[in-house]
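Below: the structure, in structure tokens.
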Amino acid sequence: MADTLTGAADGAPTVAGPKATGRNAGEKQPKSVRVVVLALMIAMMLAMLDNMIVGTAMPTIVGELGGLEHLSWVVTGYTLATAASTPLWGKIGDMYGRKGAFLSSIVLFLIGSALSGMAQDMGQLIGFRAVQGLGAGGLMVGVMAIIGDLVPPRERGKFQGMMAGVMALAMIGGPLVGGTITDNWGWRWAFYINLPLGVVALGLVTVVLQLPKKRAKARIDYLGALLLTLGITAIVLVTTWGGSEYAWTSARIMELISIGVAALVGFVFWQTKAVEPVLPLHIFRSRNFTLMSVIGFMTGFVMFGATLFLPLYQQSVQGASATNSGLLLLPMLGAMLVTSMVAGRVTTGTGRYKVFPIAGGALMILGAYLLSLMDTGTTRLTSGLYMAVLGAGMGCLMQVTMLVAQNSVQMKDMGVASSSATLFRTLGSSFGVAIMGALFNNRVKDVMTERAGALGKGITDKSAQLDAAGLAKLPAQARDAYQHAVSAGTHSAFLLGAAVAVTVLIAALFVKEVPLKGGPQKPVEDGAEVPPMPVVEVA
């Protein structure tokens, strides 16, 4: 008889069967758990792959639908909806059950995907992408929270390392898949491709996953949700529009900053009064949870800044082809994949983890600093080695931060902890892209003016980032100036990244290593009742 997952007395799922026994750390997971993890990996792939595929298809989409002036909103609408819904999905899962919330998020994501593929103008596409984003927020949170429910902390690192691998593969393969789909099937299939994958994930989760059913008497904190959504929306818009659509000192940006600050201050105050808060402030009493939130934010800041500027540097300065842009990041993402898997295995085998955030912070500082040294004469081999150092640092941090965050709260707050960790990383990525981008753009414009005078200023007045076609049209003198400008901009951006990574190392040094539960246990005699599986150690 196949094993199934049932709820233990304390609400934690355990493995039950006719001859259930205690499981040692080194033994294989039950088949049902492995099938669920496969479904979770597919769901994670949906969320991660979508933006990478759509980004490649955007020029074709604009060519057919028009609306170039609204292009940024195709990404911004998705990002806003994802960030704003992330905490809500975590709380809904805690209150009403993880399985139902996760299945609902998959269905919502698939509905948004189908509608996006049928969009007839840019306005419809932006609206449908927002629907997609609402579902995507639940996908990311649901994956991590369900792993937190199914797997004891001692073994959790192995599975979360696998999820980091899926993330790396999506970032590498997304542009390749997007280009292939767009060239051969049309851009609408960039969205339709989600449907068969989503149906498979839905089927596997529905049939195999069995979690304790919950029904909370408390109601959702709607005022808290509204204030948090308003605050997050304002912050994301500031980081998206600042320095591009509007000057950082413009009235619109100042208004958004004021709205965001006021909404978040009001949210924090209300959370101290709400009966069932969206984001219980007591979870921040755990030193480890607070430190992991800081580390996750700073890791997102550096990682997404790197993924934005490295391909631009390699295409503009090193002459790499934009066609296989995903492969340009292979050294960084490959190193991230390997170290994430190793970190997960070591954590599972030893139950110890503090070494990884410390090593990750140190490697991120070194990697970002090395990347800041790149100039017009840096070879692809050298830049690849620098990227590998940065990727190794991020691999040490990606999933260990989630593991420690989950291990620092009670089981009833697992969804909130997972959503909070995801939210801080998302916000960090928004700030990283915006601040590093502003620094990069200003430096490029300054160097272009210094080296090419009025011609250089005219070239970069509208945008400091030129595509391959625009670069090819430049006169030789202007092209040489632009290559030096991009090198200078990359130098400034990664110096900032190295400074931010110092915060990661400092925070990691203060992490308290609380032993992870779920290690070797004494086998249970045949016929004996399986004890509840301990999964939480509050730091």
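The chains in the structure tokens are called A, B, ... from first to last as shown; in each chain the residues are counted from 1, and the ligands are counted from 1 in the order shown.
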
Report as JSON lines the residues of stretch 289-392 of chain A within 8 Å of stretch 414-423 of chain A, each with its shortest atom pair and distance in Å (one decimal), using only C-alpha atoms, ordered by chain and increasing residue number.
```
{"residue": "A:Met292", "atom": "CA", "partner": "A:Ala421", "partner_atom": "CA", "distance": 7.5}
{"residue": "A:Ser293", "atom": "CA", "partner": "A:Ala421", "partner_atom": "CA", "distance": 5.8}
{"residue": "A:Gly296", "atom": "CA", "partner": "A:Ala421", "partner_atom": "CA", "distance": 6.6}
```

How far is it from atom CA of A:Ile92 to atom CA of A:Arg219, in Å with one decimal?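 Taking atom CA of A:Ile92 as the start and atom CA of A:Arg219 as the end point, the length is 9.9 Å.
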
Excluding A:Gly127 and its own-chain neighbours fewer than 5 positions away, which residues fall within 10 Å of it when counting only C-alpha atoms? Please give them as a PyMOL selection string. chain A and resi 73-74+77-78+112+115-116+119+122+132-133

Could I get the residues of stretch 340-371 of chain A with an atom no further than 10 Å from an atom of stretch 402-413 of chain A, each paired with its nearest atom pair and that distance in Å to one decimal, using only C-alpha atoms, sorted by chain and residue number, as JSON lines?
```
{"residue": "A:Gly344", "atom": "CA", "partner": "A:Leu403", "partner_atom": "CA", "distance": 9.6}
{"residue": "A:Thr347", "atom": "CA", "partner": "A:Leu403", "partner_atom": "CA", "distance": 9.9}
{"residue": "A:Tyr353", "atom": "CA", "partner": "A:Val404", "partner_atom": "CA", "distance": 8.4}
{"residue": "A:Lys354", "atom": "CA", "partner": "A:Val404", "partner_atom": "CA", "distance": 9.3}
```

Quick one: write out the picked residues with N, CA, C and O atoms as a PDB file, in the first residue's frame?
```pdb
ATOM      1  N   GLY A 344      22.172  22.310   1.216  1.00  0.00           N
ATOM      2  CA  GLY A 344      21.019  21.532   1.655  1.00  0.00           C
ATOM      3  C   GLY A 344      21.405  20.156   2.164  1.00  0.00           C
ATOM      4  O   GLY A 344      20.907  19.698   3.204  1.00  0.00           O
ATOM      5  N   THR A 347      23.361  20.459   5.534  1.00  0.00           N
ATOM      6  CA  THR A 347      22.427  20.805   6.611  1.00  0.00           C
ATOM      7  C   THR A 347      21.605  19.593   7.022  1.00  0.00           C
ATOM      8  O   THR A 347      21.379  19.344   8.209  1.00  0.00           O
ATOM      9  N   TYR A 353      23.964  24.890  10.298  1.00  0.00           N
ATOM     10  CA  TYR A 353      23.755  25.739   9.132  1.00  0.00           C
ATOM     11  C   TYR A 353      24.415  27.110   9.216  1.00  0.00           C
ATOM     12  O   TYR A 353      24.508  27.811   8.215  1.00  0.00           O
ATOM     13  N   LYS A 354      24.870  27.544  10.383  1.00  0.00           N
ATOM     14  CA  LYS A 354      25.354  28.916  10.518  1.00  0.00           C
ATOM     15  C   LYS A 354      26.525  29.228   9.592  1.00  0.00           C
ATOM     16  O   LYS A 354      26.687  30.366   9.130  1.00  0.00           O
TER      17      LYS A 354
END
```

Here is a test: counting only C-alpha atoms, which residue of A:Ala130, A:Leu373, A:Trp185, A:Leu509 is nearest to A:Ala84? A:Ala130

My list of candidates is A:Gln318, A:Thr378, A:Thr206, A:Thr401. Which is closest to A:Val504 when distances are computed with only C-alpha atoms?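 Smallest separation from A:Val504 among the options: A:Thr401.
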
Within 12 Å of A:Ser430 using only C-alpha atoms, minus same-chain residues under 2 positions, as a ChimeraX atom specification: /A:75-76,79-80,83,232-242,297-305,308,423-428,432-437

As a VMD selection string, please: every residue in stretch 274-498 of chain A that DSSP puts in alpha helix (DSSP H). chain A and resid 287 to 316 330 to 350 355 to 372 380 to 397 400 to 407 414 to 460 468 to 472 476 to 498

Near stretch 101-103 of chain A, counting only C-alpha atoms, which residues have an atom at most 12 Å away, once you skip same-chain residues fewer than 4 positions from it, shown as JSON, numbers by chain? {"A": [39, 40, 43, 44, 86, 88, 89, 90, 91, 92, 93, 94, 95, 96, 97, 107, 108, 109, 110, 134, 135, 136, 137, 138, 139, 140, 141, 142, 143, 144, 145, 146, 198, 199, 200, 201, 202, 203, 204, 205, 206, 207, 209, 211, 213, 214, 415]}

Produce a file of the selected residues containing N, CA and C atoms, as a compact mmCIF listing (two decimals), in the first residue's frame.
```
# COMPACT_ATOMS: atom_id res chain seq x y z
N ALA A 39 5.53 17.98 -7.74
CA ALA A 39 4.48 18.94 -8.07
C ALA A 39 4.87 20.34 -7.64
N LEU A 40 5.51 20.46 -6.47
CA LEU A 40 5.94 21.77 -5.98
C LEU A 40 7.02 22.36 -6.88
N ALA A 43 5.33 23.81 -9.85
CA ALA A 43 4.70 25.09 -9.51
C ALA A 43 5.74 26.19 -9.38
N MET A 44 6.86 25.89 -8.75
CA MET A 44 7.95 26.86 -8.64
C MET A 44 8.46 27.25 -10.02
N THR A 86 1.53 38.33 -1.62
CA THR A 86 2.36 37.32 -0.95
C THR A 86 2.02 37.16 0.54
N LEU A 88 -0.72 37.88 2.08
CA LEU A 88 -2.10 37.43 2.24
C LEU A 88 -2.22 35.92 2.02
N TRP A 89 -1.52 35.42 1.01
CA TRP A 89 -1.57 33.97 0.76
C TRP A 89 -1.02 33.19 1.95
N GLY A 90 0.08 33.70 2.53
CA GLY A 90 0.64 33.02 3.69
C GLY A 90 -0.33 32.97 4.85
N LYS A 91 -1.02 34.07 5.10
CA LYS A 91 -1.97 34.13 6.21
C LYS A 91 -3.19 33.26 5.93
N ILE A 92 -3.68 33.29 4.69
CA ILE A 92 -4.83 32.46 4.33
C ILE A 92 -4.51 30.98 4.52
N GLY A 93 -3.29 30.59 4.12
CA GLY A 93 -2.88 29.19 4.31
C GLY A 93 -2.83 28.81 5.77
N ASP A 94 -2.33 29.72 6.61
CA ASP A 94 -2.28 29.44 8.05
C ASP A 94 -3.67 29.30 8.65
N MET A 95 -4.61 30.11 8.17
CA MET A 95 -5.94 30.14 8.78
C MET A 95 -6.88 29.06 8.24
N TYR A 96 -6.84 28.82 6.94
CA TYR A 96 -7.85 27.96 6.33
C TYR A 96 -7.30 26.69 5.69
N GLY A 97 -5.99 26.50 5.74
CA GLY A 97 -5.42 25.27 5.20
C GLY A 97 -4.51 25.54 4.03
N VAL A 107 -4.75 27.77 -9.70
CA VAL A 107 -5.89 28.02 -10.60
C VAL A 107 -5.90 29.48 -11.03
N LEU A 108 -5.69 30.39 -10.09
CA LEU A 108 -5.69 31.82 -10.43
C LEU A 108 -4.56 32.14 -11.39
N PHE A 109 -3.38 31.56 -11.18
CA PHE A 109 -2.25 31.79 -12.08
C PHE A 109 -2.57 31.28 -13.49
N LEU A 110 -3.20 30.12 -13.58
CA LEU A 110 -3.53 29.55 -14.89
C LEU A 110 -4.60 30.37 -15.60
N LEU A 134 -1.20 37.82 -8.99
CA LEU A 134 -1.91 37.44 -7.76
C LEU A 134 -1.73 35.95 -7.48
N GLY A 135 -1.82 35.14 -8.51
CA GLY A 135 -1.61 33.70 -8.34
C GLY A 135 -0.17 33.37 -8.05
N ALA A 136 0.76 34.08 -8.68
CA ALA A 136 2.18 33.80 -8.49
C ALA A 136 2.60 34.03 -7.05
N GLY A 137 2.02 35.03 -6.39
CA GLY A 137 2.35 35.27 -4.98
C GLY A 137 2.05 34.05 -4.12
N GLY A 138 0.94 33.37 -4.41
CA GLY A 138 0.60 32.16 -3.67
C GLY A 138 1.44 30.96 -4.03
N LEU A 139 1.91 30.90 -5.27
CA LEU A 139 2.76 29.78 -5.68
C LEU A 139 4.05 29.73 -4.88
N MET A 140 4.74 30.86 -4.81
CA MET A 140 6.03 30.89 -4.13
C MET A 140 5.88 30.59 -2.65
N VAL A 141 4.88 31.23 -2.02
CA VAL A 141 4.66 31.01 -0.59
C VAL A 141 4.21 29.58 -0.33
N GLY A 142 3.28 29.09 -1.15
CA GLY A 142 2.74 27.75 -0.95
C GLY A 142 3.81 26.68 -1.02
N VAL A 143 4.71 26.80 -1.98
CA VAL A 143 5.77 25.80 -2.12
C VAL A 143 6.60 25.70 -0.84
N MET A 144 7.07 26.83 -0.36
CA MET A 144 7.93 26.82 0.82
C MET A 144 7.18 26.42 2.09
N ALA A 145 5.94 26.89 2.22
CA ALA A 145 5.18 26.56 3.43
C ALA A 145 4.81 25.08 3.46
N ILE A 146 4.48 24.48 2.33
CA ILE A 146 4.13 23.06 2.30
C ILE A 146 5.35 22.21 2.62
N GLY A 198 0.70 23.52 -15.37
CA GLY A 198 -0.15 23.79 -14.22
C GLY A 198 -1.16 22.70 -13.96
N VAL A 199 -1.71 22.13 -15.01
CA VAL A 199 -2.67 21.03 -14.84
C VAL A 199 -2.00 19.82 -14.20
N VAL A 200 -0.77 19.52 -14.61
CA VAL A 200 -0.04 18.42 -13.99
C VAL A 200 0.18 18.67 -12.51
N ALA A 201 0.62 19.89 -12.18
CA ALA A 201 0.84 20.23 -10.76
C ALA A 201 -0.46 20.14 -9.98
N LEU A 202 -1.56 20.64 -10.55
CA LEU A 202 -2.86 20.56 -9.89
C LEU A 202 -3.25 19.11 -9.60
N GLY A 203 -3.09 18.25 -10.61
CA GLY A 203 -3.47 16.85 -10.43
C GLY A 203 -2.67 16.16 -9.35
N LEU A 204 -1.35 16.36 -9.38
CA LEU A 204 -0.49 15.69 -8.40
C LEU A 204 -0.79 16.18 -6.98
N VAL A 205 -0.93 17.50 -6.82
CA VAL A 205 -1.19 18.04 -5.48
C VAL A 205 -2.55 17.57 -4.97
N THR A 206 -3.56 17.59 -5.83
CA THR A 206 -4.91 17.19 -5.42
C THR A 206 -4.96 15.75 -4.96
N VAL A 207 -4.30 14.85 -5.69
CA VAL A 207 -4.40 13.42 -5.41
C VAL A 207 -3.51 13.00 -4.25
N LEU A 209 -1.31 15.06 -2.03
CA LEU A 209 -1.07 15.86 -0.83
C LEU A 209 -2.25 15.80 0.12
N LEU A 211 -3.06 17.23 3.90
CA LEU A 211 -2.65 18.01 5.05
C LEU A 211 -3.84 18.17 5.99
N LYS A 213 -6.89 19.56 7.73
CA LYS A 213 -7.83 20.60 7.34
C LYS A 213 -7.98 21.61 8.47
N LYS A 214 -7.97 22.87 8.11
CA LYS A 214 -8.10 23.93 9.10
C LYS A 214 -9.33 24.77 8.80
N GLY A 415 3.09 29.67 7.42
CA GLY A 415 2.77 30.38 6.18
C GLY A 415 3.20 31.83 6.23
```

Measuring atom to atom with only C-alpha atoms, identify which of A:Gly173, A:Gly377, A:Gly361, A:Pro475 is nearest to A:Gly497.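 The shortest atom-to-atom distance to A:Gly497 comes from A:Gly361.
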
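Here atom CA of A:Ile111 stands at a distance of 22.1 Å from atom CA of A:Glu64.
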
Contacts of A:Met167 at 12 Å (only C-alpha atoms; same-chain gap of 4+ positions) as a PyMOL selection string: chain A and resi 41-52+140+160-163+171-174+333-334+336-337+340+395+398-399

Selection to disk with N, CA and C atoms, as a PDB file, in the first residue's frame:
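The result, written out as selection06.pdb:
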```pdb
ATOM      1  N   MET A  41       7.909  21.504  -7.378  1.00  0.00           N
ATOM      2  CA  MET A  41       8.949  21.981  -8.290  1.00  0.00           C
ATOM      3  C   MET A  41       8.341  22.511  -9.588  1.00  0.00           C
ATOM      4  N   ILE A  42       7.294  21.839 -10.078  1.00  0.00           N
ATOM      5  CA  ILE A  42       6.611  22.316 -11.283  1.00  0.00           C
ATOM      6  C   ILE A  42       5.972  23.672 -11.024  1.00  0.00           C
ATOM      7  N   ALA A  43       5.333  23.813  -9.852  1.00  0.00           N
ATOM      8  CA  ALA A  43       4.699  25.085  -9.509  1.00  0.00           C
ATOM      9  C   ALA A  43       5.736  26.193  -9.383  1.00  0.00           C
ATOM     10  N   MET A  44       6.859  25.885  -8.751  1.00  0.00           N
ATOM     11  CA  MET A  44       7.949  26.861  -8.640  1.00  0.00           C
ATOM     12  C   MET A  44       8.458  27.254 -10.024  1.00  0.00           C
ATOM     13  N   MET A  45       8.562  26.267 -10.904  1.00  0.00           N
ATOM     14  CA  MET A  45       9.010  26.542 -12.265  1.00  0.00           C
ATOM     15  C   MET A  45       8.050  27.489 -12.976  1.00  0.00           C
ATOM     16  N   LEU A  46       6.733  27.303 -12.746  1.00  0.00           N
ATOM     17  CA  LEU A  46       5.744  28.188 -13.360  1.00  0.00           C
ATOM     18  C   LEU A  46       5.999  29.640 -12.975  1.00  0.00           C
ATOM     19  N   ALA A  47       6.165  29.858 -11.666  1.00  0.00           N
ATOM     20  CA  ALA A  47       6.325  31.223 -11.179  1.00  0.00           C
ATOM     21  C   ALA A  47       7.625  31.851 -11.662  1.00  0.00           C
ATOM     22  N   MET A  48       8.725  31.077 -11.650  1.00  0.00           N
ATOM     23  CA  MET A  48      10.033  31.619 -11.999  1.00  0.00           C
ATOM     24  C   MET A  48      10.213  31.768 -13.503  1.00  0.00           C
ATOM     25  N   LEU A  49       9.690  30.798 -14.254  1.00  0.00           N
ATOM     26  CA  LEU A  49       9.926  30.765 -15.692  1.00  0.00           C
ATOM     27  C   LEU A  49       9.131  31.840 -16.425  1.00  0.00           C
ATOM     28  N   ASP A  50       7.969  32.187 -15.875  1.00  0.00           N
ATOM     29  CA  ASP A  50       7.054  33.054 -16.602  1.00  0.00           C
ATOM     30  C   ASP A  50       7.683  34.388 -16.983  1.00  0.00           C
ATOM     31  N   ASN A  51       8.241  35.086 -16.005  1.00  0.00           N
ATOM     32  CA  ASN A  51       8.808  36.409 -16.298  1.00  0.00           C
ATOM     33  C   ASN A  51       9.972  36.328 -17.274  1.00  0.00           C
ATOM     34  N   MET A  52      10.794  35.262 -17.149  1.00  0.00           N
ATOM     35  CA  MET A  52      11.939  35.121 -18.038  1.00  0.00           C
ATOM     36  C   MET A  52      11.489  34.894 -19.485  1.00  0.00           C
ATOM     37  N   MET A 140       4.739  30.863  -4.814  1.00  0.00           N
ATOM     38  CA  MET A 140       6.034  30.894  -4.133  1.00  0.00           C
ATOM     39  C   MET A 140       5.878  30.592  -2.647  1.00  0.00           C
ATOM     40  N   GLN A 160      14.754  22.339  -0.102  1.00  0.00           N
ATOM     41  CA  GLN A 160      14.797  23.736  -0.469  1.00  0.00           C
ATOM     42  C   GLN A 160      15.998  24.020  -1.376  1.00  0.00           C
ATOM     43  N   GLY A 161      17.052  23.226  -1.242  1.00  0.00           N
ATOM     44  CA  GLY A 161      18.161  23.324  -2.184  1.00  0.00           C
ATOM     45  C   GLY A 161      17.734  22.937  -3.593  1.00  0.00           C
ATOM     46  N   MET A 162      16.865  21.917  -3.671  1.00  0.00           N
ATOM     47  CA  MET A 162      16.329  21.524  -4.979  1.00  0.00           C
ATOM     48  C   MET A 162      15.510  22.663  -5.583  1.00  0.00           C
ATOM     49  N   MET A 163      14.749  23.371  -4.742  1.00  0.00           N
ATOM     50  CA  MET A 163      13.959  24.497  -5.241  1.00  0.00           C
ATOM     51  C   MET A 163      14.863  25.609  -5.762  1.00  0.00           C
ATOM     52  N   MET A 171      16.073  30.619 -14.623  1.00  0.00           N
ATOM     53  CA  MET A 171      16.747  31.851 -15.040  1.00  0.00           C
ATOM     54  C   MET A 171      17.659  31.604 -16.231  1.00  0.00           C
ATOM     55  N   ILE A 172      18.228  30.394 -16.307  1.00  0.00           N
ATOM     56  CA  ILE A 172      19.080  30.063 -17.446  1.00  0.00           C
ATOM     57  C   ILE A 172      18.241  29.738 -18.677  1.00  0.00           C
ATOM     58  N   GLY A 173      17.229  28.873 -18.479  1.00  0.00           N
ATOM     59  CA  GLY A 173      16.461  28.364 -19.618  1.00  0.00           C
ATOM     60  C   GLY A 173      15.351  29.275 -20.081  1.00  0.00           C
ATOM     61  N   GLY A 174      14.898  30.210 -19.219  1.00  0.00           N
ATOM     62  CA  GLY A 174      13.761  31.051 -19.582  1.00  0.00           C
ATOM     63  C   GLY A 174      13.929  31.807 -20.881  1.00  0.00           C
ATOM     64  N   LEU A 333      24.827  31.227 -12.177  1.00  0.00           N
ATOM     65  CA  LEU A 333      23.687  30.396 -11.802  1.00  0.00           C
ATOM     66  C   LEU A 333      24.102  28.947 -11.565  1.00  0.00           C
ATOM     67  N   GLY A 334      25.105  28.475 -12.330  1.00  0.00           N
ATOM     68  CA  GLY A 334      25.604  27.116 -12.108  1.00  0.00           C
ATOM     69  C   GLY A 334      26.237  26.974 -10.732  1.00  0.00           C
ATOM     70  N   MET A 336      25.578  28.847  -8.175  1.00  0.00           N
ATOM     71  CA  MET A 336      24.487  28.977  -7.212  1.00  0.00           C
ATOM     72  C   MET A 336      23.752  27.653  -7.032  1.00  0.00           C
ATOM     73  N   LEU A 337      23.528  26.956  -8.134  1.00  0.00           N
ATOM     74  CA  LEU A 337      22.851  25.664  -8.083  1.00  0.00           C
ATOM     75  C   LEU A 337      23.655  24.648  -7.277  1.00  0.00           C
ATOM     76  N   SER A 340      23.954  25.587  -3.508  1.00  0.00           N
ATOM     77  CA  SER A 340      22.663  25.451  -2.839  1.00  0.00           C
ATOM     78  C   SER A 340      22.359  23.989  -2.534  1.00  0.00           C
ATOM     79  N   GLY A 395      24.240  31.008  -3.530  1.00  0.00           N
ATOM     80  CA  GLY A 395      23.782  29.641  -3.312  1.00  0.00           C
ATOM     81  C   GLY A 395      23.807  29.246  -1.846  1.00  0.00           C
ATOM     82  N   MET A 398      20.460  31.317  -0.467  1.00  0.00           N
ATOM     83  CA  MET A 398      19.122  31.325  -1.055  1.00  0.00           C
ATOM     84  C   MET A 398      18.096  30.578  -0.207  1.00  0.00           C
ATOM     85  N   GLN A 399      18.369  29.325   0.113  1.00  0.00           N
ATOM     86  CA  GLN A 399      17.373  28.516   0.809  1.00  0.00           C
ATOM     87  C   GLN A 399      17.640  28.391   2.303  1.00  0.00           C
TER      88      GLN A 399
END
```

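Between atom CA of A:Val278 and atom CA of A:Leu226 lies a distance of 10.1 Å.
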
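Residue nearest A:Thr339, chosen from A:Leu385, A:Cys396, A:Val502, A:Leu327 and counting only C-alpha atoms: A:Cys396.
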
Of the candidates A:Thr503, A:Tyr369, A:Tyr313, A:Ala359, which one gets nearest to A:His484 if we count only C-alpha atoms?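 Going through A:Thr503, A:Tyr369, A:Tyr313, A:Ala359 one by one, the smallest distance to A:His484 is for A:Tyr313.
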
Surrounding residues of A:Leu366 excluding itself and chain neighbours under 3 positions, 8 Å, only C-alpha atoms, as an MDAnalysis selection string: chainID A and resid 362:363 369:370 389:390 498

Counting only C-alpha atoms, which of A:Ala392, A:Met58, A:Val338, A:Met387 gets nearest to A:Ser372?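 Residue with the minimum atom-to-atom distance to A:Ser372: A:Met387.
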